[in-house]
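Dumped target-v6.cif below, it's mmCIF, C-alpha atoms:
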```cif
data_protein
#
loop_
_atom_site.label_atom_id
_atom_site.label_comp_id
_atom_site.auth_asym_id
_atom_site.auth_seq_id
_atom_site.Cartn_x
_atom_site.Cartn_y
_atom_site.Cartn_z
CA MET A 1410 5.21 -39.22 7.05
CA LYS A 1411 4.48 -36.70 9.78
CA THR A 1412 2.24 -33.78 8.76
CA LYS A 1413 3.41 -30.28 9.56
CA ASN A 1414 1.74 -28.27 12.28
CA ILE A 1415 -0.04 -25.23 10.81
CA THR A 1416 2.24 -22.93 12.80
CA ASP A 1417 5.27 -24.49 11.06
CA LEU A 1418 4.05 -23.57 7.57
CA THR A 1419 5.41 -20.57 5.72
CA ASP A 1420 3.13 -17.66 4.91
CA GLU A 1421 3.13 -18.69 1.27
CA GLN A 1422 2.11 -22.27 2.15
CA LEU A 1423 -0.70 -20.90 4.31
CA ALA A 1424 -1.85 -18.66 1.46
CA LEU A 1425 -1.96 -21.69 -0.84
CA GLN A 1426 -4.00 -23.63 1.72
CA LEU A 1427 -6.36 -20.67 2.09
CA GLN A 1428 -6.78 -20.56 -1.69
CA GLN A 1429 -7.80 -24.22 -1.45
CA GLY A 1430 -10.46 -23.38 1.16
CA ASP A 1431 -8.66 -24.12 4.45
CA LYS A 1432 -10.03 -21.49 6.85
CA ASN A 1433 -7.55 -22.55 9.56
CA ALA A 1434 -4.83 -21.10 7.35
CA MET A 1435 -6.54 -17.71 7.55
CA GLY A 1436 -6.61 -17.97 11.32
CA GLU A 1437 -2.86 -18.51 11.39
CA LEU A 1438 -2.20 -15.66 8.93
CA TYR A 1439 -4.51 -13.46 11.01
CA SER A 1440 -2.60 -14.19 14.20
CA ARG A 1441 0.73 -13.51 12.46
CA TYR A 1442 -0.22 -10.27 10.74
CA PHE A 1443 -3.17 -8.57 12.41
CA MET A 1444 -1.06 -6.35 14.68
CA LEU A 1445 1.23 -5.35 11.81
CA VAL A 1446 -1.79 -4.42 9.69
CA PHE A 1447 -3.34 -2.61 12.68
CA ASN A 1448 -0.15 -0.58 13.24
CA LYS A 1449 0.01 0.42 9.57
CA CYS A 1450 -3.66 1.48 9.71
CA LEU A 1451 -2.96 3.42 12.91
CA SER A 1452 -0.14 5.30 11.20
CA PHE A 1453 -2.67 6.52 8.64
CA SER A 1454 -5.79 7.10 10.75
CA LYS A 1455 -4.18 8.21 14.05
CA ASN A 1456 -7.24 6.68 15.77
CA SER A 1457 -7.04 3.21 17.32
CA GLU A 1458 -10.75 2.49 16.93
CA ASP A 1459 -10.68 3.35 13.21
CA ALA A 1460 -7.42 1.42 12.80
CA GLY A 1461 -8.98 -1.66 14.39
CA ASP A 1462 -11.99 -1.48 12.06
CA GLN A 1463 -9.73 -0.96 9.05
CA ALA A 1464 -7.44 -3.84 10.01
CA GLN A 1465 -10.47 -6.13 10.34
CA GLU A 1466 -11.69 -5.02 6.91
CA ILE A 1467 -8.27 -5.62 5.38
CA MET A 1468 -8.06 -9.13 6.83
CA LEU A 1469 -11.51 -9.87 5.37
CA ARG A 1470 -10.34 -8.55 2.00
CA VAL A 1471 -7.28 -10.77 2.19
CA MET A 1472 -9.55 -13.76 2.62
CA GLU A 1473 -11.79 -12.65 -0.26
CA LYS A 1474 -8.93 -11.72 -2.61
CA ILE A 1475 -6.48 -14.50 -1.75
CA SER A 1476 -6.89 -15.87 -5.28
CA SER A 1477 -5.06 -12.76 -6.56
CA PHE A 1478 -1.96 -13.78 -4.57
CA LYS A 1479 0.14 -15.56 -7.19
CA GLY A 1480 3.21 -16.27 -5.09
CA ASP A 1481 5.47 -14.08 -7.26
CA SER A 1482 6.39 -12.11 -4.16
CA ARG A 1483 6.36 -12.89 -0.48
CA PHE A 1484 2.95 -13.00 1.17
CA SER A 1485 3.99 -10.20 3.53
CA THR A 1486 4.80 -7.97 0.54
CA TRP A 1487 1.41 -8.69 -1.03
CA LEU A 1488 -0.37 -8.06 2.29
CA TYR A 1489 1.53 -4.79 2.72
CA SER A 1490 0.35 -3.71 -0.71
CA VAL A 1491 -3.28 -4.57 0.10
CA THR A 1492 -2.97 -2.72 3.43
CA PHE A 1493 -1.26 0.34 1.96
CA ASN A 1494 -3.76 0.66 -0.89
CA TYR A 1495 -6.73 0.29 1.48
CA CYS A 1496 -5.34 2.86 3.93
CA THR A 1497 -4.57 5.41 1.21
CA ASP A 1498 -8.08 4.96 -0.21
CA GLN A 1499 -9.60 5.52 3.24
CA ALA A 1500 -7.43 8.58 3.85
CA ARG A 1501 -8.41 9.98 0.44
CA LYS A 1502 -12.12 9.42 1.20
CA LYS A 1503 -11.79 11.02 4.61
CA LYS A 1504 -9.98 14.02 3.14
CA ARG A 1505 -12.59 14.37 0.39
CA SER A 1506 -15.48 14.29 2.87
CA TYR A 1507 -13.67 16.80 5.08
CA PHE A 1508 -13.31 19.24 2.19
CA GLU A 1509 -16.89 18.70 1.06
CA SER A 1510 -18.24 19.52 4.50
CA ILE A 1511 -16.23 22.77 4.66
CA ASP A 1512 -17.43 23.80 1.20
CA ASN A 1513 -21.04 23.14 2.11
CA LYS A 1514 -20.81 24.98 5.42
CA TYR A 1515 -19.00 28.12 4.28
CA ASP A 1516 -19.84 28.27 0.57
CA LEU A 1517 -16.28 29.02 -0.53
CA ILE A 1518 -16.84 30.55 -3.95
CA ASP A 1519 -14.55 33.57 -3.76
CA GLU A 1520 -11.22 31.73 -4.17
CA SER A 1521 -8.84 33.42 -6.52
CA TYR A 1522 -8.30 31.97 -9.96
CA GLU A 1523 -4.60 31.29 -9.26
CA GLU A 1524 -5.39 29.27 -6.13
CA LEU A 1525 -7.95 27.26 -8.05
CA GLN A 1526 -5.45 26.58 -10.85
CA ALA A 1527 -2.84 25.48 -8.30
CA CYS A 1528 -5.35 23.03 -6.78
CA VAL A 1529 -6.22 21.63 -10.19
CA GLU A 1530 -2.53 21.18 -11.03
CA ALA A 1531 -1.80 19.47 -7.71
CA SER A 1532 -4.76 17.18 -8.25
CA LYS A 1533 -3.55 16.27 -11.76
CA LYS A 1534 -0.06 15.51 -10.46
CA ALA A 1535 -1.45 13.32 -7.68
CA GLU A 1536 -3.62 11.47 -10.19
CA GLN A 1537 -0.65 10.94 -12.53
CA LEU A 1538 1.47 9.66 -9.64
CA THR A 1539 -1.30 7.24 -8.67
CA CYS A 1540 -1.39 5.97 -12.27
CA VAL A 1541 2.39 5.52 -12.29
CA LEU A 1542 2.33 3.58 -9.03
CA SER A 1543 -0.43 1.33 -10.31
CA ASP A 1544 1.46 0.63 -13.56
CA ILE A 1545 4.95 -0.14 -12.26
CA SER A 1546 5.80 -3.62 -11.06
CA GLU A 1547 4.87 -4.61 -7.52
CA GLU A 1548 8.52 -5.07 -6.57
CA ASP A 1549 9.46 -1.60 -7.85
CA LYS A 1550 6.49 -0.05 -6.06
CA GLN A 1551 7.40 -1.77 -2.78
CA LEU A 1552 11.02 -0.60 -3.03
CA LEU A 1553 9.99 2.99 -3.70
CA VAL A 1554 7.39 2.98 -0.92
CA MET A 1555 9.85 1.52 1.59
CA LYS A 1556 12.57 4.01 0.71
CA TYR A 1557 10.64 7.23 0.13
CA GLN A 1558 7.43 6.86 2.09
CA GLN A 1559 8.47 4.71 5.01
CA GLY A 1560 11.97 6.18 5.15
CA LYS A 1561 13.72 2.81 5.31
CA SER A 1562 17.46 2.91 4.79
CA VAL A 1563 19.30 0.99 2.08
CA GLU A 1564 20.64 -1.22 4.85
CA ASP A 1565 17.10 -2.01 6.07
CA ILE A 1566 15.99 -2.90 2.56
CA ARG A 1567 19.16 -4.89 1.98
CA SER A 1568 18.47 -7.08 4.99
CA MET A 1569 14.77 -7.52 4.08
CA TYR A 1570 15.58 -8.68 0.54
CA ASN A 1571 18.86 -10.40 1.43
CA LEU A 1572 20.75 -8.44 -1.24
CA SER A 1573 23.97 -6.48 -1.33
CA LYS A 1574 23.89 -2.72 -0.80
CA SER A 1575 24.85 -2.09 -4.40
CA ALA A 1576 22.05 -4.36 -5.64
CA VAL A 1577 19.51 -2.44 -3.53
CA LYS A 1578 20.86 0.90 -4.76
CA MET A 1579 20.71 -0.30 -8.38
CA ARG A 1580 17.15 -1.60 -7.99
CA LEU A 1581 16.07 1.67 -6.38
CA LEU A 1582 17.72 3.64 -9.17
CA ARG A 1583 16.01 1.57 -11.87
CA ALA A 1584 12.63 1.73 -10.13
CA ARG A 1585 12.96 5.50 -9.72
CA GLU A 1586 13.98 5.92 -13.38
CA LYS A 1587 10.99 3.84 -14.53
CA ALA A 1588 8.62 5.84 -12.35
CA VAL A 1589 10.03 9.18 -13.53
CA SER A 1590 9.85 8.08 -17.17
CA MET A 1591 6.26 6.90 -16.80
CA TYR A 1592 5.33 10.08 -14.96
CA ALA A 1593 6.80 12.15 -17.79
CA SER A 1594 4.85 10.15 -20.38
CA TYR A 1595 1.61 10.63 -18.40
CA SER A 1596 2.36 14.35 -18.17
CA LEU A 1597 2.80 14.56 -21.93
CA ALA A 1598 -0.39 12.60 -22.56
CA VAL A 1599 -2.44 14.88 -20.30
CA ALA A 1600 -0.97 18.14 -21.64
#
```
Taking this structure as input, can you express it in the form of structure tokens?
Amino acid sequence: MKTKNITDLTDEQLALQLQQGDKNAMGELYSRYFMLVFNKCLSFSKNSEDAGDQAQEIMLRVMEKISSFKGDSRFSTWLYSVTFNYCTDQARKKKRSYFESIDNKYDLIDESYEELQACVEASKKAEQLTCVLSDISEEDKQLLVMKYQQGKSVEDIRSMYNLSKSAVKMRLLRAREKAVSMYASYSLAVA
């Protein structure tokens, strides 16, 4: 029986080989996905040098965390999730350090009480939304991110998942309803 060339293997087969210790599989996954990961990082950082560093870090994390890939979704979906989560964490850290440096430089103590309350409320809402996104299923999260953050059309999602338009619309509706319901329950628990 003729063995398959590594370039002929699916992403999921390569992930399985990587889980079994085959470093050549990582090389193939790297060549397939590095530029996609880089472009996603660039969309967050707006700096090609930072995006390159972040993409390298993500690919290292993929290698380290490959055991968490269970094959329930496509490898590309799992990698997108790893990339998105890493980029949002980096953006959050950058934003936090930016605000800290302004506070230290100008000693902003005289903000009005209403502005402070609005900031606290916005922070609570963002935290609740983060909790909701971490608690919903990976498939629901990916659908919502594609539709509402990336701006993909129903037709784009339909072709990616090989579903009918009505199936995509129904899945989006259910995912949105779950997220809204969970958000409401988090809001009640915090209040």
Extract, using only C-alpha atoms, all DNA, RNA and protein residues at most 12 Å from Val1491 in chain A, discarding same-chain residues fewer than 4 positions from it, and format them as a CSV table (one decimal) with C-alpha atoms, in the frame of the given file.
```csv
chain,number,residue,atom,x,y,z
A,1446,VAL,CA,-1.8,-4.4,9.7
A,1449,LYS,CA,0.0,0.4,9.6
A,1450,CYS,CA,-3.7,1.5,9.7
A,1463,GLN,CA,-9.7,-1.0,9.0
A,1464,ALA,CA,-7.4,-3.8,10.0
A,1466,GLU,CA,-11.7,-5.0,6.9
A,1467,ILE,CA,-8.3,-5.6,5.4
A,1468,MET,CA,-8.1,-9.1,6.8
A,1469,LEU,CA,-11.5,-9.9,5.4
A,1470,ARG,CA,-10.3,-8.6,2.0
A,1471,VAL,CA,-7.3,-10.8,2.2
A,1472,MET,CA,-9.6,-13.8,2.6
A,1473,GLU,CA,-11.8,-12.6,-0.3
A,1474,LYS,CA,-8.9,-11.7,-2.6
A,1475,ILE,CA,-6.5,-14.5,-1.8
A,1477,SER,CA,-5.1,-12.8,-6.6
A,1478,PHE,CA,-2.0,-13.8,-4.6
A,1484,PHE,CA,3.0,-13.0,1.2
A,1485,SER,CA,4.0,-10.2,3.5
A,1486,THR,CA,4.8,-8.0,0.5
A,1487,TRP,CA,1.4,-8.7,-1.0
A,1495,TYR,CA,-6.7,0.3,1.5
A,1496,CYS,CA,-5.3,2.9,3.9
A,1497,THR,CA,-4.6,5.4,1.2
A,1498,ASP,CA,-8.1,5.0,-0.2
A,1547,GLU,CA,4.9,-4.6,-7.5
A,1551,GLN,CA,7.4,-1.8,-2.8
```
Applied to the shown file, which residues does the PyMOL selection byres ((chain A and resi 1423-1435) around 8) return, written as a VMD selection string? chain A and resid 1415 1418 to 1422 1436 to 1439 1472 1475 to 1476 1478 1484
Judged by all atoms listed in the file, the minimum distance to Leu1552 in chain A among A:Leu1451, A:Ala1500, A:Val1577, A:Leu1488 is found for A:Val1577
May I have the protein, DNA and RNA residues with any atom at most 10 Å from the point (10.8, 5.9, -9.5), counting only C-alpha atoms, written as number ranges by chain? A: 1541-1542, 1545, 1549-1550, 1552-1554, 1557, 1580-1592
Taking all atoms listed in the file into account, name the residue in A:Asn1494, A:Ala1527, A:Lys1503, A:Tyr1489 that is nearest to Glu1548 in chain A.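 Using all atoms listed in the file, Glu1548 in chain A sits closest to A:Tyr1489.
The interatomic distance for the pair CA of Asn1571 in chain A and CA of Asp1481 in chain A works out to 16.4 Å.
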Please compute the CA of Asp1459 in chain A-CA of Ser1440 in chain A distance, one decimal, in Å. 19.3 Å
Distance CA of Ser1482 in chain A-CA of Arg1567 in chain A, one decimal place?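 So the two atoms, CA of Ser1482 in chain A and CA of Arg1567 in chain A, lie 15.9 Å apart.
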What's around Val1563 in chain A at 9 Å? Count all atoms listed in the file, leave out sequence neighbours fewer than 2 positions away in its own chain, and write the answer as a CSV table (one decimal) with C-alpha atoms, in the coordinates of the input.
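New file out09.csv:
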```csv
chain,number,residue,atom,x,y,z
A,1556,LYS,CA,12.6,4.0,0.7
A,1561,LYS,CA,13.7,2.8,5.3
A,1565,ASP,CA,17.1,-2.0,6.1
A,1566,ILE,CA,16.0,-2.9,2.6
A,1567,ARG,CA,19.2,-4.9,2.0
A,1568,SER,CA,18.5,-7.1,5.0
A,1574,LYS,CA,23.9,-2.7,-0.8
A,1577,VAL,CA,19.5,-2.4,-3.5
A,1578,LYS,CA,20.9,0.9,-4.8
```
